[in-house]
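For reference, the structure discussed in these notes is given below.
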Amino acid sequence: MPTSTTDFATARRMMVDGQLRTYDITDQTLLAAILDVPRERFVPAALTGIAYLDTDVPVGSARTRRMLKPMVFAKLVQAAAITDSDHVLDVGCATGYSAAVLAKLAGSVVAVESDAALADEARRTLGEAAVVSGPLAEGCAVRGPYDVIVVEGAIEAVPPQLLRQLKEGGRLVAVVGDGPASKATLYRQSGGEISARPIFDASGAMLPGFSRPAEFVF
């Protein structure tokens, strides 16, 4: 278990080299951002030893929320092709790790978190970052529209109100589905139409508020 700043830096480098580079994460700017953000600061103190493992790390007092596996998070962000002029919405930022990485890639980041305690923790850790409290599925239309929306967990379906917050040419990435059949999916807004393309198999903890609408059955 890492116990010092040097140990954590080594663990971070091993995560990047062993988990990310070997799974086709080739964006050097993204890799540098992940190397620069101390993930251990965003997990509960008792769990810092697993901060860099290939696992969803539990966060929050009830441990019901999870940070995405490093590989899943990195592949989603790489697929979103974020540039330094993009305005990004981070949905379900939890303790703020994802927003910290995204802030190193984008021009501006708005992070949304529905758990008040997690939102407060993210604000304390991130400092000046814009962390908004509210239902995740509603996004943050008042600060949009966005070039990129990153959803930090698995969802059953992308709500229309979230897709409407994309700019022309905007991208949304999320893990869609429940269980082993889930797919990381890239949505794109073009000409007022939304296209969707599965990009890789993935799994993640379900985020609250994204259940698929019930279908009427005769």
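Following the order of the structure tokens, first chain is A, next is B, and so on, with residues numbered from 1 inside each chain and ligands from 1 in the order they appear.
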
Determine, using only C-alpha atoms, which residues of region 18-46 of chain A have any atom at most 10 Å from an atom of region 59-83 of chain A, and tabulate each with its shortest atom pair and distance in Å to one decimal place, rows ordered by chain and then rising number, as CSV.
residue,atom,partner,partner_atom,distance
A:Gly18,CA,A:Met71,CA,9.9
A:Gln19,CA,A:Met71,CA,6.2
A:Leu20,CA,A:Met71,CA,5.5
A:Arg21,CA,A:Met71,CA,9.1
A:Thr22,CA,A:Met71,CA,9.5
A:Tyr23,CA,A:Met71,CA,7.3
A:Asp24,CA,A:Lys75,CA,8.0
A:Ile25,CA,A:Lys75,CA,6.4
A:Thr26,CA,A:Gln78,CA,8.3
A:Asp27,CA,A:Gln78,CA,6.7
A:Gln28,CA,A:Gln78,CA,10.0
A:Thr29,CA,A:Gln78,CA,9.7
A:Leu30,CA,A:Gln78,CA,7.2
A:Leu31,CA,A:Ala74,CA,8.3
A:Ile34,CA,A:Ala74,CA,8.4
A:Arg39,CA,A:Pro70,CA,9.7
A:Phe42,CA,A:Val59,CA,8.4
A:Val43,CA,A:Val59,CA,6.1
A:Pro44,CA,A:Val59,CA,6.3

Serialized selection, C-alpha atoms, as a PDB file, in the first residue's frame:
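So selection24.pdb came out as:
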ATOM      1  CA  GLY A  18       0.148  -0.637 -16.986  1.00  0.00           C
ATOM      2  CA  GLN A  19      -3.546   0.200 -17.300  1.00  0.00           C
ATOM      3  CA  LEU A  20      -3.873   3.112 -19.718  1.00  0.00           C
ATOM      4  CA  ARG A  21      -1.128   2.855 -22.312  1.00  0.00           C
ATOM      5  CA  THR A  22      -1.781  -0.877 -22.707  1.00  0.00           C
ATOM      6  CA  TYR A  23      -5.471  -0.194 -23.412  1.00  0.00           C
ATOM      7  CA  ASP A  24      -4.919   2.162 -26.327  1.00  0.00           C
ATOM      8  CA  ILE A  25      -4.881   5.437 -24.432  1.00  0.00           C
ATOM      9  CA  THR A  26      -2.567   7.328 -26.761  1.00  0.00           C
ATOM     10  CA  ASP A  27      -3.534  10.974 -26.165  1.00  0.00           C
ATOM     11  CA  GLN A  28      -0.362  12.373 -24.623  1.00  0.00           C
ATOM     12  CA  THR A  29      -2.099  15.462 -23.232  1.00  0.00           C
ATOM     13  CA  LEU A  30      -4.619  13.261 -21.448  1.00  0.00           C
ATOM     14  CA  LEU A  31      -1.923  10.963 -20.072  1.00  0.00           C
ATOM     15  CA  ILE A  34      -3.749  12.022 -15.348  1.00  0.00           C
ATOM     16  CA  ARG A  39      -6.023  10.572  -7.453  1.00  0.00           C
ATOM     17  CA  PHE A  42     -10.035  12.280  -4.040  1.00  0.00           C
ATOM     18  CA  VAL A  43     -10.713   8.940  -2.329  1.00  0.00           C
ATOM     19  CA  PRO A  44     -11.550   8.266   1.336  1.00  0.00           C
TER      20      PRO A  44
END

Assign secondary structure with DSSP using the backbone only, and return the residues of region 75-160 of chain A in strand (DSSP E) as a PyMOL selection string.
chain A and resi 87-91+108-113+130-133+146-155

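Within the 8 Å cut-off around Ser190 (chain A), using only C-alpha atoms and omitting residues fewer than 6 positions from it on the same chain, the listed residues are Glu168, Gly169 and Gly170 of chain A.
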
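By only C-alpha atoms, and with residues fewer than 3 positions from region 191-194 of chain A along its chain excluded, the set lying at most 10 Å from it is Pro160, Leu163, Arg164, Leu166, Lys167, Glu168, Gly169, Gly170, Arg171, Leu172, Tyr187 and Arg188 of chain A.
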
Keeping only N, CA and C atoms, write the selected residues to a file as a PDB file, in the first residue's frame.
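So the final result, stored in result.pdb, reads:
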ATOM      1  N   PRO A 160     -33.112  13.349 -22.759  1.00  0.00           N
ATOM      2  CA  PRO A 160     -33.108  14.370 -23.823  1.00  0.00           C
ATOM      3  C   PRO A 160     -32.645  15.731 -23.330  1.00  0.00           C
ATOM      4  N   LEU A 163     -28.907  15.980 -23.631  1.00  0.00           N
ATOM      5  CA  LEU A 163     -28.450  16.091 -25.016  1.00  0.00           C
ATOM      6  C   LEU A 163     -28.714  17.482 -25.585  1.00  0.00           C
ATOM      7  N   ARG A 164     -29.797  18.114 -25.128  1.00  0.00           N
ATOM      8  CA  ARG A 164     -30.118  19.457 -25.627  1.00  0.00           C
ATOM      9  C   ARG A 164     -29.109  20.504 -25.165  1.00  0.00           C
ATOM     10  N   LEU A 166     -25.924  20.227 -25.573  1.00  0.00           N
ATOM     11  CA  LEU A 166     -24.752  20.166 -26.449  1.00  0.00           C
ATOM     12  C   LEU A 166     -24.799  21.262 -27.504  1.00  0.00           C
ATOM     13  N   LYS A 167     -23.655  21.850 -27.773  1.00  0.00           N
ATOM     14  CA  LYS A 167     -23.515  22.766 -28.903  1.00  0.00           C
ATOM     15  C   LYS A 167     -23.547  21.980 -30.209  1.00  0.00           C
ATOM     16  N   GLU A 168     -23.669  22.687 -31.307  1.00  0.00           N
ATOM     17  CA  GLU A 168     -23.487  22.069 -32.617  1.00  0.00           C
ATOM     18  C   GLU A 168     -22.078  21.467 -32.672  1.00  0.00           C
ATOM     19  N   GLY A 169     -21.999  20.207 -33.050  1.00  0.00           N
ATOM     20  CA  GLY A 169     -20.717  19.512 -33.059  1.00  0.00           C
ATOM     21  C   GLY A 169     -20.304  18.978 -31.705  1.00  0.00           C
ATOM     22  N   GLY A 170     -21.162  19.166 -30.693  1.00  0.00           N
ATOM     23  CA  GLY A 170     -20.840  18.730 -29.341  1.00  0.00           C
ATOM     24  C   GLY A 170     -20.870  17.221 -29.182  1.00  0.00           C
ATOM     25  N   ARG A 171     -20.132  16.722 -28.178  1.00  0.00           N
ATOM     26  CA  ARG A 171     -20.033  15.283 -27.926  1.00  0.00           C
ATOM     27  C   ARG A 171     -20.430  14.982 -26.492  1.00  0.00           C
ATOM     28  N   LEU A 172     -21.104  13.871 -26.303  1.00  0.00           N
ATOM     29  CA  LEU A 172     -21.410  13.356 -24.965  1.00  0.00           C
ATOM     30  C   LEU A 172     -20.909  11.925 -24.902  1.00  0.00           C
ATOM     31  N   TYR A 187     -22.041  10.129 -28.228  1.00  0.00           N
ATOM     32  CA  TYR A 187     -23.149  10.824 -28.874  1.00  0.00           C
ATOM     33  C   TYR A 187     -22.615  12.114 -29.479  1.00  0.00           C
ATOM     34  N   ARG A 188     -23.158  12.478 -30.638  1.00  0.00           N
ATOM     35  CA  ARG A 188     -22.699  13.703 -31.299  1.00  0.00           C
ATOM     36  C   ARG A 188     -23.899  14.497 -31.816  1.00  0.00           C
TER      37      ARG A 188
END

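Using only C-alpha atoms, the protein and nucleic acid residues lying no more than 10 Å from Ala117 (chain A), apart from those fewer than 5 places from it along its own chain, are Gly60, Ser61, Ala94, Thr95, Ala122, Arg123 and Ser133 of chain A.
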
A:Leu53, A:Cys93, A:Leu186, A:Ala205 ranked by distance to Glu40 (chain A), top pick (using only C-alpha atoms)
A:Leu53

Closest to Glu152 (chain A) among A:Leu89, A:Ile199, A:Ala51, A:Leu105, using only C-alpha atoms?
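Nearest candidate to Glu152 (chain A) out of A:Leu89, A:Ile199, A:Ala51, A:Leu105: A:Leu89.
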
Based on DSSP run over this structure's backbone, return all residues of region 12-195 of chain A in helix (DSSP H, G or I), as a count of residues only.
70

Shortest interatomic distance to Cys140 (chain A) - which of A:Glu156, A:Asp17, A:Glu121, A:Glu113, counting only C-alpha atoms:
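So, comparing all the options, the nearest one is A:Glu113.
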
Report the distance between CA of Val150 (chain A) and CA of Thr55 (chain A) in Å, rounded to one decimal place.
19.0 Å

Please provide as an MDAnalysis selection string all residues within 6 Å of Pro198 (chain A), with the sequence filter that same-chain residues fewer than 5 positions apart are discarded (counting only C-alpha atoms).
chainID A and resid 183:185

Could you check the closest approach to Arg41 (chain A) for each of A:Gly144, A:Gly96, A:Gly204, A:Gly134 and tell me which residue wins, using only C-alpha atoms?
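Between A:Gly144, A:Gly96, A:Gly204, A:Gly134, the residue approaching Arg41 (chain A) most closely is A:Gly96.
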
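The gap separating CA of Asp56 (chain A) from CA of Val175 (chain A) is 13.3 Å, in Å to one decimal.
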
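Residues with any atom within 7 Å of Val110 (chain A), counting only C-alpha atoms and excluding same-chain neighbours fewer than 5 positions away, are Val88, Leu89, Asp90, Ala130 and Val131 of chain A.
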
So the first atom is CA of Leu47 (chain A) and the second is CA of Gly127 (chain A); what is the distance between them in Å, to one decimal place?
22.5 Å

When you count only C-alpha atoms, which of these residues is closest to Thr125 (chain A): A:Ala99, A:Ala154, A:Met15, A:Met206?
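That would be A:Ala99, the residue with the smallest distance to Thr125 (chain A).
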